[in-house]
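Data file: data29.cif. Format and content: mmCIF, C-alpha atoms and all ligand atoms.
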data_final
#
loop_
_atom_site.label_atom_id
_atom_site.label_comp_id
_atom_site.auth_asym_id
_atom_site.auth_seq_id
_atom_site.Cartn_x
_atom_site.Cartn_y
_atom_site.Cartn_z
CA MET A 1 68.27 201.17 17.55
CA SER A 2 69.05 204.82 18.36
CA GLU A 3 72.18 205.79 20.30
CA PRO A 4 71.62 206.49 24.03
CA VAL A 5 71.56 210.23 24.82
CA GLN A 6 75.00 211.34 26.05
CA THR A 7 74.49 213.78 28.92
CA PRO A 8 77.52 215.94 29.88
CA GLN A 9 77.85 213.76 32.96
CA ALA A 10 77.90 210.55 31.01
CA ILE A 11 80.68 211.99 28.86
CA ALA A 12 82.69 213.13 31.93
CA ASN A 13 82.29 209.68 33.47
CA ALA A 14 83.38 207.87 30.32
CA ALA A 15 86.60 206.79 32.05
CA PHE A 16 84.54 204.80 34.55
CA LYS A 17 82.76 201.55 33.84
CA PRO A 18 78.96 202.11 33.83
CA ARG A 19 77.83 200.79 37.19
CA ILE A 20 74.64 201.23 39.17
CA PHE A 21 74.40 201.41 42.94
CA SER A 22 71.33 202.01 45.05
CA GLY A 23 70.08 201.27 48.53
CA ILE A 24 66.99 201.00 50.68
CA GLN A 25 66.83 201.41 54.46
CA PRO A 26 65.48 198.43 56.37
CA SER A 27 63.89 200.75 58.90
CA GLY A 28 60.49 199.13 58.46
CA GLY A 29 58.51 197.25 55.81
CA LEU A 30 58.72 198.49 52.22
CA THR A 31 55.92 200.52 50.66
CA LEU A 32 54.43 200.99 47.21
CA GLY A 33 56.55 204.18 47.08
CA ASN A 34 59.74 202.17 47.55
CA TYR A 35 58.52 199.68 44.96
CA LEU A 36 57.58 202.14 42.21
CA GLY A 37 60.23 204.77 42.95
CA ALA A 38 63.09 202.33 43.44
CA LEU A 39 62.71 198.52 43.39
CA LYS A 40 60.80 198.18 40.13
CA ARG A 41 63.36 200.37 38.43
CA PHE A 42 66.24 198.46 40.01
CA VAL A 43 64.94 195.38 38.24
CA GLN A 44 64.67 197.24 34.90
CA LYS A 45 68.29 198.39 35.24
CA GLN A 46 69.44 194.85 36.02
CA ASP A 47 67.57 193.59 32.97
CA GLU A 48 69.24 196.23 30.77
CA GLY A 49 72.48 194.40 31.47
CA ILE A 50 74.35 197.16 33.36
CA GLN A 51 76.28 195.99 36.43
CA THR A 52 73.91 196.56 39.36
CA ILE A 53 74.77 196.66 43.07
CA TYR A 54 71.92 196.88 45.56
CA CYS A 55 72.20 197.29 49.29
CA LEU A 56 70.05 197.13 52.39
CA VAL A 57 71.54 200.02 54.29
CA ASP A 58 71.31 198.80 57.88
CA MET A 59 73.97 201.29 59.05
CA HIS A 60 71.77 204.10 57.78
CA ALA A 61 68.72 202.60 59.48
CA ILE A 62 70.27 202.93 62.96
CA THR A 63 70.60 206.71 62.58
CA THR A 64 67.17 206.54 64.22
CA TRP A 65 66.45 203.97 66.93
CA GLN A 66 65.88 200.42 65.66
CA ASP A 67 64.93 197.48 67.81
CA PRO A 68 67.66 194.89 67.00
CA ALA A 69 65.27 191.98 66.36
CA LYS A 70 63.06 194.15 64.15
CA LEU A 71 66.06 195.46 62.22
CA ARG A 72 67.24 191.91 61.52
CA HIS A 73 63.75 190.95 60.39
CA ALA A 74 63.33 194.06 58.22
CA THR A 75 66.72 193.48 56.57
CA ARG A 76 65.78 189.91 55.63
CA GLU A 77 62.31 190.99 54.53
CA GLY A 78 63.86 193.78 52.43
CA ALA A 79 66.15 191.24 50.77
CA ALA A 80 63.14 189.00 50.15
CA ALA A 81 61.33 191.97 48.55
CA PHE A 82 64.26 192.62 46.19
CA ILE A 83 64.33 189.00 45.07
CA ALA A 84 60.54 188.67 44.86
CA ALA A 85 60.40 191.84 42.73
CA GLY A 86 62.85 190.33 40.25
CA ILE A 87 66.37 191.01 41.48
CA ASP A 88 68.45 187.96 40.64
CA PRO A 89 71.28 187.64 43.17
CA ALA A 90 73.39 185.94 40.51
CA ARG A 91 73.14 188.89 38.11
CA SER A 92 72.96 191.76 40.63
CA ILE A 93 75.02 192.08 43.79
CA LEU A 94 72.62 192.10 46.75
CA PHE A 95 73.90 192.54 50.30
CA ASN A 96 73.52 194.43 53.55
CA GLN A 97 75.77 197.41 54.17
CA SER A 98 77.22 196.45 57.56
CA GLN A 99 78.88 193.34 56.08
CA VAL A 100 81.19 195.49 53.93
CA SER A 101 83.27 197.74 56.16
CA ALA A 102 84.50 199.83 53.20
CA HIS A 103 81.26 201.84 53.51
CA VAL A 104 81.92 203.18 57.00
CA GLU A 105 85.63 203.60 56.33
CA LEU A 106 84.99 205.81 53.33
CA GLY A 107 82.07 207.40 55.18
CA TRP A 108 84.49 208.68 57.81
CA ILE A 109 86.81 210.14 55.20
CA PHE A 110 83.83 211.87 53.60
CA ASN A 111 82.84 213.27 57.01
CA CYS A 112 86.14 215.10 56.73
CA VAL A 113 85.46 216.25 53.15
CA ALA A 114 81.82 217.38 53.49
CA ARG A 115 81.23 220.79 55.09
CA MET A 116 78.91 221.50 58.02
CA GLY A 117 77.10 224.08 55.89
CA TRP A 118 76.32 221.47 53.23
CA MET A 119 74.87 219.07 55.77
CA SER A 120 72.81 221.78 57.45
CA ARG A 121 71.05 222.47 54.17
CA MET A 122 69.76 218.90 53.78
CA THR A 123 65.97 219.17 53.80
CA GLN A 124 65.53 215.51 54.78
CA PHE A 125 67.61 216.10 57.92
CA LYS A 126 65.57 219.19 58.74
CA ASP A 127 62.31 217.25 58.21
CA LYS A 128 63.43 214.27 60.29
CA ALA A 129 65.03 216.29 63.09
CA GLY A 130 62.23 218.86 63.20
CA LYS A 131 62.26 220.91 66.39
CA ASN A 132 64.30 218.19 68.04
CA SER A 133 67.61 218.82 66.25
CA GLU A 134 69.68 219.03 69.48
CA ASN A 135 68.51 215.58 70.39
CA VAL A 136 68.89 213.53 67.20
CA SER A 137 71.92 211.32 66.62
CA LEU A 138 75.12 212.65 65.13
CA GLY A 139 74.72 209.83 62.60
CA LEU A 140 71.49 211.33 61.28
CA TYR A 141 73.35 214.54 60.54
CA ALA A 142 76.26 212.73 58.86
CA TYR A 143 73.88 210.36 57.01
CA PRO A 144 74.42 211.82 53.50
CA ALA A 145 78.22 211.45 53.77
CA LEU A 146 77.77 207.71 54.40
CA MET A 147 75.36 207.59 51.46
CA ALA A 148 78.03 209.20 49.25
CA ALA A 149 80.46 206.54 50.50
CA ASP A 150 77.99 203.75 49.62
CA ILE A 151 77.96 204.92 46.04
CA LEU A 152 81.54 206.05 45.56
CA ALA A 153 83.13 202.99 47.21
CA TYR A 154 82.08 201.23 43.99
CA HIS A 155 82.87 204.09 41.60
CA ALA A 156 79.20 203.81 40.66
CA THR A 157 78.22 206.19 37.88
CA MET A 158 74.42 206.02 38.06
CA VAL A 159 72.03 205.90 41.00
CA PRO A 160 68.33 205.12 40.49
CA VAL A 161 66.27 206.71 43.29
CA GLY A 162 62.96 208.40 44.02
CA ASP A 163 62.70 212.17 43.91
CA ASP A 164 63.28 212.60 47.68
CA GLN A 165 66.93 211.51 47.31
CA LYS A 166 67.82 214.16 44.72
CA GLN A 167 69.45 216.54 47.19
CA HIS A 168 71.52 213.74 48.73
CA LEU A 169 72.84 212.84 45.29
CA GLU A 170 73.77 216.45 44.63
CA LEU A 171 75.77 216.30 47.85
CA THR A 172 77.40 213.07 46.66
CA ARG A 173 78.53 214.93 43.55
CA ASP A 174 79.85 217.83 45.64
CA ILE A 175 81.82 215.42 47.84
CA ALA A 176 83.33 213.64 44.82
CA ILE A 177 84.31 216.96 43.22
CA LYS A 178 85.80 218.35 46.44
CA PHE A 179 87.77 215.16 47.11
CA ASN A 180 89.14 215.17 43.56
CA ASN A 181 90.07 218.88 43.85
CA ASP A 182 91.53 218.69 47.36
CA TYR A 183 93.82 215.79 46.48
CA GLY A 184 94.44 216.78 42.86
CA VAL A 185 93.13 213.50 41.47
CA ASP A 186 90.47 212.32 39.05
CA PHE A 187 89.53 209.51 41.33
CA PHE A 188 85.78 209.62 41.91
CA PRO A 189 83.11 209.82 39.20
CA VAL A 190 80.44 212.50 39.47
CA VAL A 191 77.31 210.37 39.74
CA GLU A 192 74.24 210.73 37.62
CA PRO A 193 70.91 210.50 39.46
CA LEU A 194 68.32 208.41 37.61
CA ILE A 195 64.94 209.79 38.71
CA GLU A 196 62.58 208.51 36.06
CA GLY A 197 59.03 207.40 35.38
CA ALA A 198 55.52 208.32 36.50
CA ALA A 199 56.04 207.51 40.18
CA THR A 200 59.21 209.23 41.33
CA ARG A 201 57.23 210.63 44.24
CA VAL A 202 54.32 208.45 45.38
CA MET A 203 52.18 210.42 47.80
CA SER A 204 50.25 209.42 50.92
CA LEU A 205 46.77 207.99 50.27
CA ARG A 206 45.44 210.27 53.04
CA ASP A 207 47.11 213.51 51.93
CA GLY A 208 48.27 214.12 48.37
CA THR A 209 50.80 216.71 49.49
CA LYS A 210 52.73 214.31 51.76
CA LYS A 211 55.12 211.58 50.60
CA MET A 212 54.04 207.96 51.12
CA SER A 213 56.40 206.74 53.82
CA LYS A 214 57.09 203.64 55.90
CA SER A 215 57.38 205.91 58.94
CA ASP A 216 53.96 207.61 58.60
CA PRO A 217 51.96 206.87 61.78
CA SER A 218 48.86 206.03 59.70
CA ASP A 219 48.96 202.62 58.03
CA GLN A 220 46.06 203.81 55.84
CA SER A 221 48.41 206.32 54.23
CA ARG A 222 50.44 203.64 52.48
CA ILE A 223 50.32 200.31 50.69
CA ASN A 224 52.83 197.91 52.25
CA LEU A 225 54.38 195.26 50.04
CA THR A 226 53.11 192.71 52.55
CA ASP A 227 49.44 193.91 52.43
CA ASP A 228 47.00 191.28 51.19
CA ALA A 229 44.45 191.80 48.41
CA ASP A 230 41.60 192.84 50.73
CA VAL A 231 43.75 195.37 52.54
CA ILE A 232 45.03 196.85 49.27
CA ALA A 233 41.48 197.17 47.90
CA ALA A 234 40.21 198.75 51.13
CA LYS A 235 43.07 201.25 51.26
CA PHE A 236 42.48 202.41 47.68
CA ARG A 237 38.70 202.54 48.27
CA LYS A 238 39.24 204.84 51.26
CA ALA A 239 42.02 206.89 49.59
CA LYS A 240 41.33 210.60 49.75
CA THR A 241 40.10 212.11 46.46
CA ASP A 242 38.09 215.11 45.28
CA PRO A 243 34.49 215.00 44.01
CA GLU A 244 35.34 215.68 40.34
CA PRO A 245 35.54 212.97 37.67
CA LEU A 246 38.95 212.32 36.06
CA PRO A 247 39.90 215.12 33.65
CA GLU A 248 40.06 214.99 29.85
CA THR A 249 43.81 215.71 29.75
CA ALA A 250 46.78 215.22 32.11
CA PHE A 251 46.95 219.00 32.50
CA GLY A 252 43.61 218.82 34.36
CA LEU A 253 45.40 216.98 37.21
CA LYS A 254 47.51 220.04 37.95
CA ASP A 255 45.82 221.27 41.14
CA ARG A 256 44.41 217.91 42.17
CA PRO A 257 47.23 216.24 44.16
CA GLU A 258 45.23 213.18 45.27
CA ALA A 259 43.82 212.49 41.80
CA ARG A 260 47.22 213.00 40.24
CA ASN A 261 48.81 210.60 42.72
CA LEU A 262 46.36 207.80 41.96
CA VAL A 263 46.77 208.29 38.21
CA ASN A 264 50.56 208.27 38.57
CA ILE A 265 50.40 205.06 40.59
CA TYR A 266 48.18 203.46 37.95
CA ALA A 267 50.51 204.54 35.14
CA ALA A 268 53.61 203.23 36.92
CA LEU A 269 52.01 199.90 37.82
CA ALA A 270 50.63 199.40 34.30
CA ASP A 271 53.82 200.61 32.54
CA GLN A 272 51.73 203.19 30.72
CA SER A 273 52.12 206.93 30.32
CA VAL A 274 49.91 209.26 32.35
CA ASP A 275 48.38 210.43 29.03
CA GLN A 276 47.39 206.86 28.20
CA VAL A 277 45.72 206.35 31.58
CA ILE A 278 43.86 209.65 31.25
CA ALA A 279 42.75 208.73 27.73
CA ASP A 280 41.21 205.51 29.11
CA TYR A 281 39.55 207.05 32.16
CA ALA A 282 38.68 210.62 31.06
CA GLY A 283 35.35 211.69 32.57
CA LYS A 284 35.08 208.54 34.73
CA GLN A 285 34.30 208.79 38.44
CA PHE A 286 36.61 207.53 41.19
CA GLY A 287 33.93 204.91 41.88
CA THR A 288 35.09 203.32 38.62
CA PHE A 289 38.77 204.22 38.72
CA LYS A 290 39.59 203.13 42.28
CA PRO A 291 38.46 199.49 41.89
CA ALA A 292 40.37 199.27 38.60
CA LEU A 293 43.46 200.63 40.35
CA ALA A 294 43.00 198.20 43.25
CA ASP A 295 42.70 195.24 40.83
CA LEU A 296 45.81 196.34 38.97
CA ALA A 297 47.76 196.77 42.22
CA VAL A 298 46.67 193.36 43.51
CA SER A 299 47.64 191.70 40.23
CA LYS A 300 51.13 193.25 40.36
CA LEU A 301 51.83 193.16 44.11
CA GLY A 302 50.07 189.89 45.04
CA PRO A 303 52.70 187.62 43.46
CA ILE A 304 55.49 189.67 45.08
CA ALA A 305 53.96 189.34 48.55
CA ALA A 306 53.45 185.60 48.03
CA GLU A 307 57.07 185.12 46.96
CA MET A 308 58.32 187.23 49.88
CA ASN A 309 56.35 185.01 52.20
CA ARG A 310 57.87 181.92 50.70
CA LEU A 311 61.42 183.29 50.90
CA MET A 312 60.93 184.36 54.53
CA GLN A 313 60.30 180.72 55.47
CA ASP A 314 64.04 180.17 55.05
CA PRO A 315 65.94 183.04 56.68
CA GLY A 316 69.18 181.02 56.54
CA GLU A 317 69.04 181.05 52.76
CA ILE A 318 68.46 184.84 52.73
CA ASP A 319 71.48 185.31 55.00
CA ARG A 320 73.53 183.12 52.70
CA ILE A 321 72.55 185.25 49.68
CA LEU A 322 73.42 188.46 51.55
CA GLY A 323 76.77 187.03 52.61
CA ALA A 324 77.67 185.93 49.09
CA GLY A 325 76.64 189.36 47.79
CA ALA A 326 78.80 191.04 50.45
CA ASP A 327 81.83 189.00 49.31
CA ARG A 328 81.33 190.20 45.75
CA ALA A 329 80.73 193.80 46.91
CA GLU A 330 83.87 193.71 49.04
CA ALA A 331 85.96 192.56 46.09
CA ILE A 332 85.04 195.78 44.25
CA ALA A 333 85.06 198.24 47.16
CA ARG A 334 88.20 197.10 49.00
CA PRO A 335 90.75 198.08 46.34
CA ILE A 336 88.98 201.42 45.80
CA VAL A 337 89.04 202.29 49.51
CA ASP A 338 92.65 201.10 49.77
CA GLN A 339 93.53 203.60 47.05
CA VAL A 340 91.71 206.30 49.02
CA TYR A 341 93.94 205.55 52.03
CA ASP A 342 96.94 205.91 49.78
CA ILE A 343 95.70 209.17 48.24
CA THR A 344 94.96 210.66 51.68
CA GLY A 345 98.35 209.73 53.15
CA MET A 346 97.48 206.89 55.50
CA ILE A 347 100.28 204.39 56.16
CA ARG A 348 99.14 200.81 55.50
CA SER A 349 102.05 198.62 56.54
CA ARG A 350 100.40 195.60 58.18
CA ARG A 351 101.14 192.32 56.48
P1 LIG B 401 64.67 205.04 51.58
O1 LIG B 401 64.94 203.78 52.30
O2 LIG B 401 63.91 206.12 52.28
O3 LIG B 401 63.91 204.72 50.24
C1 LIG B 401 64.43 203.77 49.31
C2 LIG B 401 64.13 204.21 47.88
O4 LIG B 401 62.73 204.38 47.72
C3 LIG B 401 62.45 205.68 47.22
N1 LIG B 401 61.18 206.14 47.78
C4 LIG B 401 60.18 206.61 47.07
N2 LIG B 401 60.03 206.76 45.74
C5 LIG B 401 58.85 207.28 45.32
N3 LIG B 401 57.82 207.63 46.16
C6 LIG B 401 57.94 207.48 47.49
N4 LIG B 401 56.94 207.80 48.31
C7 LIG B 401 59.16 206.94 48.00
N5 LIG B 401 59.61 206.66 49.26
C8 LIG B 401 60.86 206.17 49.10
C9 LIG B 401 63.61 206.53 47.68
O5 LIG B 401 63.76 207.68 46.88
C10 LIG B 401 64.77 205.58 47.55
O6 LIG B 401 65.23 205.55 46.22
N6 LIG B 401 69.01 207.50 51.69
C11 LIG B 401 68.28 206.42 51.05
C12 LIG B 401 68.97 205.08 51.14
C13 LIG B 401 70.38 205.08 50.66
C14 LIG B 401 70.79 205.15 49.31
C15 LIG B 401 72.21 205.04 49.35
C16 LIG B 401 70.12 205.30 48.10
C17 LIG B 401 71.48 204.94 51.43
N7 LIG B 401 72.59 204.91 50.64
C18 LIG B 401 72.97 205.10 48.18
C19 LIG B 401 70.90 205.35 46.94
C20 LIG B 401 72.29 205.25 46.98
C21 LIG B 401 66.92 206.30 51.73
O7 LIG B 401 66.73 206.66 52.85
O8 LIG B 401 66.01 205.65 50.97
#

Before anything else, please render the file you have as structure tokens.
Amino acid sequence: MSEPVQTPQAIANAAFKPRIFSGIQPSGGLTLGNYLGALKRFVQKQDEGIQTIYCLVDMHAITTWQDPAKLRHATREGAAAFIAAGIDPARSILFNQSQVSAHVELGWIFNCVARMGWMSRMTQFKDKAGKNSENVSLGLYAYPALMAADILAYHATMVPVGDDQKQHLELTRDIAIKFNNDYGVDFFPVVEPLIEGAATRVMSLRDGTKKMSKSDPSDQSRINLTDDADVIAAKFRKAKTDPEPLPETAFGLKDRPEARNLVNIYAALADQSVDQVIADYAGKQFGTFKPALADLAVSKLGPIAAEMNRLMQDPGEIDRILGAGADRAEAIARPIVDQVYDITGMIRSRR
């Protein structure tokens, strides 16, 4: 077996134990984008044997209004999706953010490390706030500092995410570097984003230039992990495409965002390269490709939806798993955040 490639970051982080952290917001049901960009890769990382910590970030979700009953449901359903997709709560740590107070404690400290100018440059904030920026919550603005806290409370060194989180992870690195410089310590690792595979940015089925998102008003724009076989097939059948057949090479997808998106989805679901998919479907019409894609998606997502359904019959068991995960998460994060209090000069004299 060949040696893993040592990036400069991996070398700089050598003092830290390799550890993966990532999170998903329970602000609605999960989509195919969340599955291919995040969940599926979370499972791969777990199966590679690295320590993996995964979190349903309910504190992040409330940066925009969440109905309490729906939030509770979405958090349990998110946990069910993790497990159904292959996360084993015995091997990975799986929990919801609000049960481990270290996140918000470190989040506050990072609010005092991060600069207003850094936050103002966050494109996701600008997109979400839009013209309404005077009226969004302060939490939405501070969101990336809490995200940095999620990761750094565990001294995580690697963070698998979709492409849309890249800027937030750059900010996480900036916060770690500034904290280390300000306090003259080598305390936080500088995390490495893991943005890999054919589906780091799954696009809307209605518009190949827009990201597939759980918050898109059109349900036709996305595949939900809870969609049944007929719905999945219908959504792919109606997905926007162009009139051309599939090209002879991957380069031919360059100015065809909808075609490229469907090919990327196929490749990611089938664990094939885009070149392999193009080699199989070169010159074929979408009338042939779309049903093949729908069949593939149903074969991969159907068992996940069925298992989610089964797990959701017993919400008490899901809560138990999240609680046990939170205990294990707390055992790692607490001593790290206690050291941060010490480094920053906070007196901790309660018995
Ligand atoms: P969230 O909840 O929007 O998305 C969860 C994960 O899914 C990925 N993703 C996608 N990947 C490909 N194509 C898409 N269309 C697509 N849509 C979503 C996201 O990139 C993400 O990896 N800020 C984060 C949650 C978070 C977090 C963290 C992540 C909070 N703390 C710490 C990592 C580490 C978010 O809103 O993800």

- Query: Which neighbours of Ile318 in chain A fall inside 9 Å, counting only C-alpha atoms, when residues of the same chain fewer than 3 positions from it are skipped, and could you give them as a ChimeraX atom specification?
  - Reply: /A:76-77,79-80,311-312,314-315,321-323

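Picture a line from CA of Val113 in chain A to CA of Lys131 in chain A; it runs 27.1 Å.
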
Enclosing box along x, y and z for every listed atom of ligand LIG 401 (chain B), padded 5 Å each side, centre and size in Å, one decimal, as AutoDock Vina command-line options:
--center_x 65.0 --center_y 205.8 --center_z 49.1 --size_x 26.0 --size_y 14.0 --size_z 17.5

- Message: Give me, as a count of residues only, the set of residues whose atoms come within 6 Å of any atom of ligand LIG 401 (chain B), counting all atoms listed in the file.
- Response: 26

- Would you kindly return, as a list in words, each protein, DNA or RNA residue with an atom no farther than 12 Å from any atom of Ala279 in chain A, considering only C-alpha atoms and excluding same-chain residues fewer than 6 positions away? Leu246, Pro247, Glu248, Thr249, Ala250, Val263, Ala267, Gln272 and Ser273 of chain A

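With all atoms listed in the file as the basis for measurement, A:Gly287 is the residue among A:Gly287, A:Asp280, A:Ala292, A:Ala329 that approaches Asp242 in chain A most closely.
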
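Nearest-residue note for Lys235 in chain A: choosing from A:Gln285, A:Ser27, A:Ser204, A:Ser101, the minimum distance belongs to A:Ser204, counting only C-alpha atoms.
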
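Closest to Asp271 in chain A among A:Met158, A:Gln44, A:Gly139, A:Leu171 is A:Gln44, based on all atoms listed in the file.
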
- Note on the structure: The residue from A:Gly252, A:Gly208, A:Pro303, A:Gly316 with the smallest atom-to-atom distance to Ala239 in chain A, counting all atoms listed in the file, is A:Gly208

Quick one: residues within 12 Å of Tyr54 in chain A, all atoms listed in the file counted, chain neighbours fewer than 5 positions away excluded, as a compact mmCIF listing (two decimals) with C-alpha atoms, keeping the file's coordinate frame?
# COMPACT_ATOMS: atom_id res chain seq x y z
CA ARG A 19 77.83 200.79 37.19
CA ILE A 20 74.64 201.23 39.17
CA PHE A 21 74.40 201.41 42.94
CA SER A 22 71.33 202.01 45.05
CA GLY A 23 70.08 201.27 48.53
CA ILE A 24 66.99 201.00 50.68
CA GLN A 25 66.83 201.41 54.46
CA ALA A 38 63.09 202.33 43.44
CA LEU A 39 62.71 198.52 43.39
CA ARG A 41 63.36 200.37 38.43
CA PHE A 42 66.24 198.46 40.01
CA VAL A 43 64.94 195.38 38.24
CA LYS A 45 68.29 198.39 35.24
CA GLN A 46 69.44 194.85 36.02
CA GLY A 78 63.86 193.78 52.43
CA ALA A 79 66.15 191.24 50.77
CA PHE A 82 64.26 192.62 46.19
CA ILE A 83 64.33 189.00 45.07
CA ILE A 87 66.37 191.01 41.48
CA ASP A 88 68.45 187.96 40.64
CA PRO A 89 71.28 187.64 43.17
CA ARG A 91 73.14 188.89 38.11
CA SER A 92 72.96 191.76 40.63
CA ILE A 93 75.02 192.08 43.79
CA LEU A 94 72.62 192.10 46.75
CA PHE A 95 73.90 192.54 50.30
CA ASN A 96 73.52 194.43 53.55
CA GLN A 97 75.77 197.41 54.17
CA ASP A 150 77.99 203.75 49.62
CA ILE A 151 77.96 204.92 46.04
CA TYR A 154 82.08 201.23 43.99
CA ALA A 156 79.20 203.81 40.66
CA VAL A 159 72.03 205.90 41.00
CA PRO A 160 68.33 205.12 40.49
CA VAL A 161 66.27 206.71 43.29
CA LEU A 322 73.42 188.46 51.55
CA GLY A 325 76.64 189.36 47.79
CA ALA A 326 78.80 191.04 50.45
CA ARG A 328 81.33 190.20 45.75
CA ALA A 329 80.73 193.80 46.91

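Of the listed residues A:Gln339, A:Thr64, A:Thr288, A:Thr344, the one whose atoms come nearest to Ser137 in chain A is A:Thr64, with distances taken using all atoms listed in the file.
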
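The interatomic distance for the pair CA of Pro217 in chain A and CA of Phe236 in chain A works out to 17.6 Å.
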
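The shortest atom-to-atom distance to Pro144 in chain A, with all atoms listed in the file taken into account, belongs to A:Met59 out of A:Ala81, A:Met59, A:Ala306, A:Val231.
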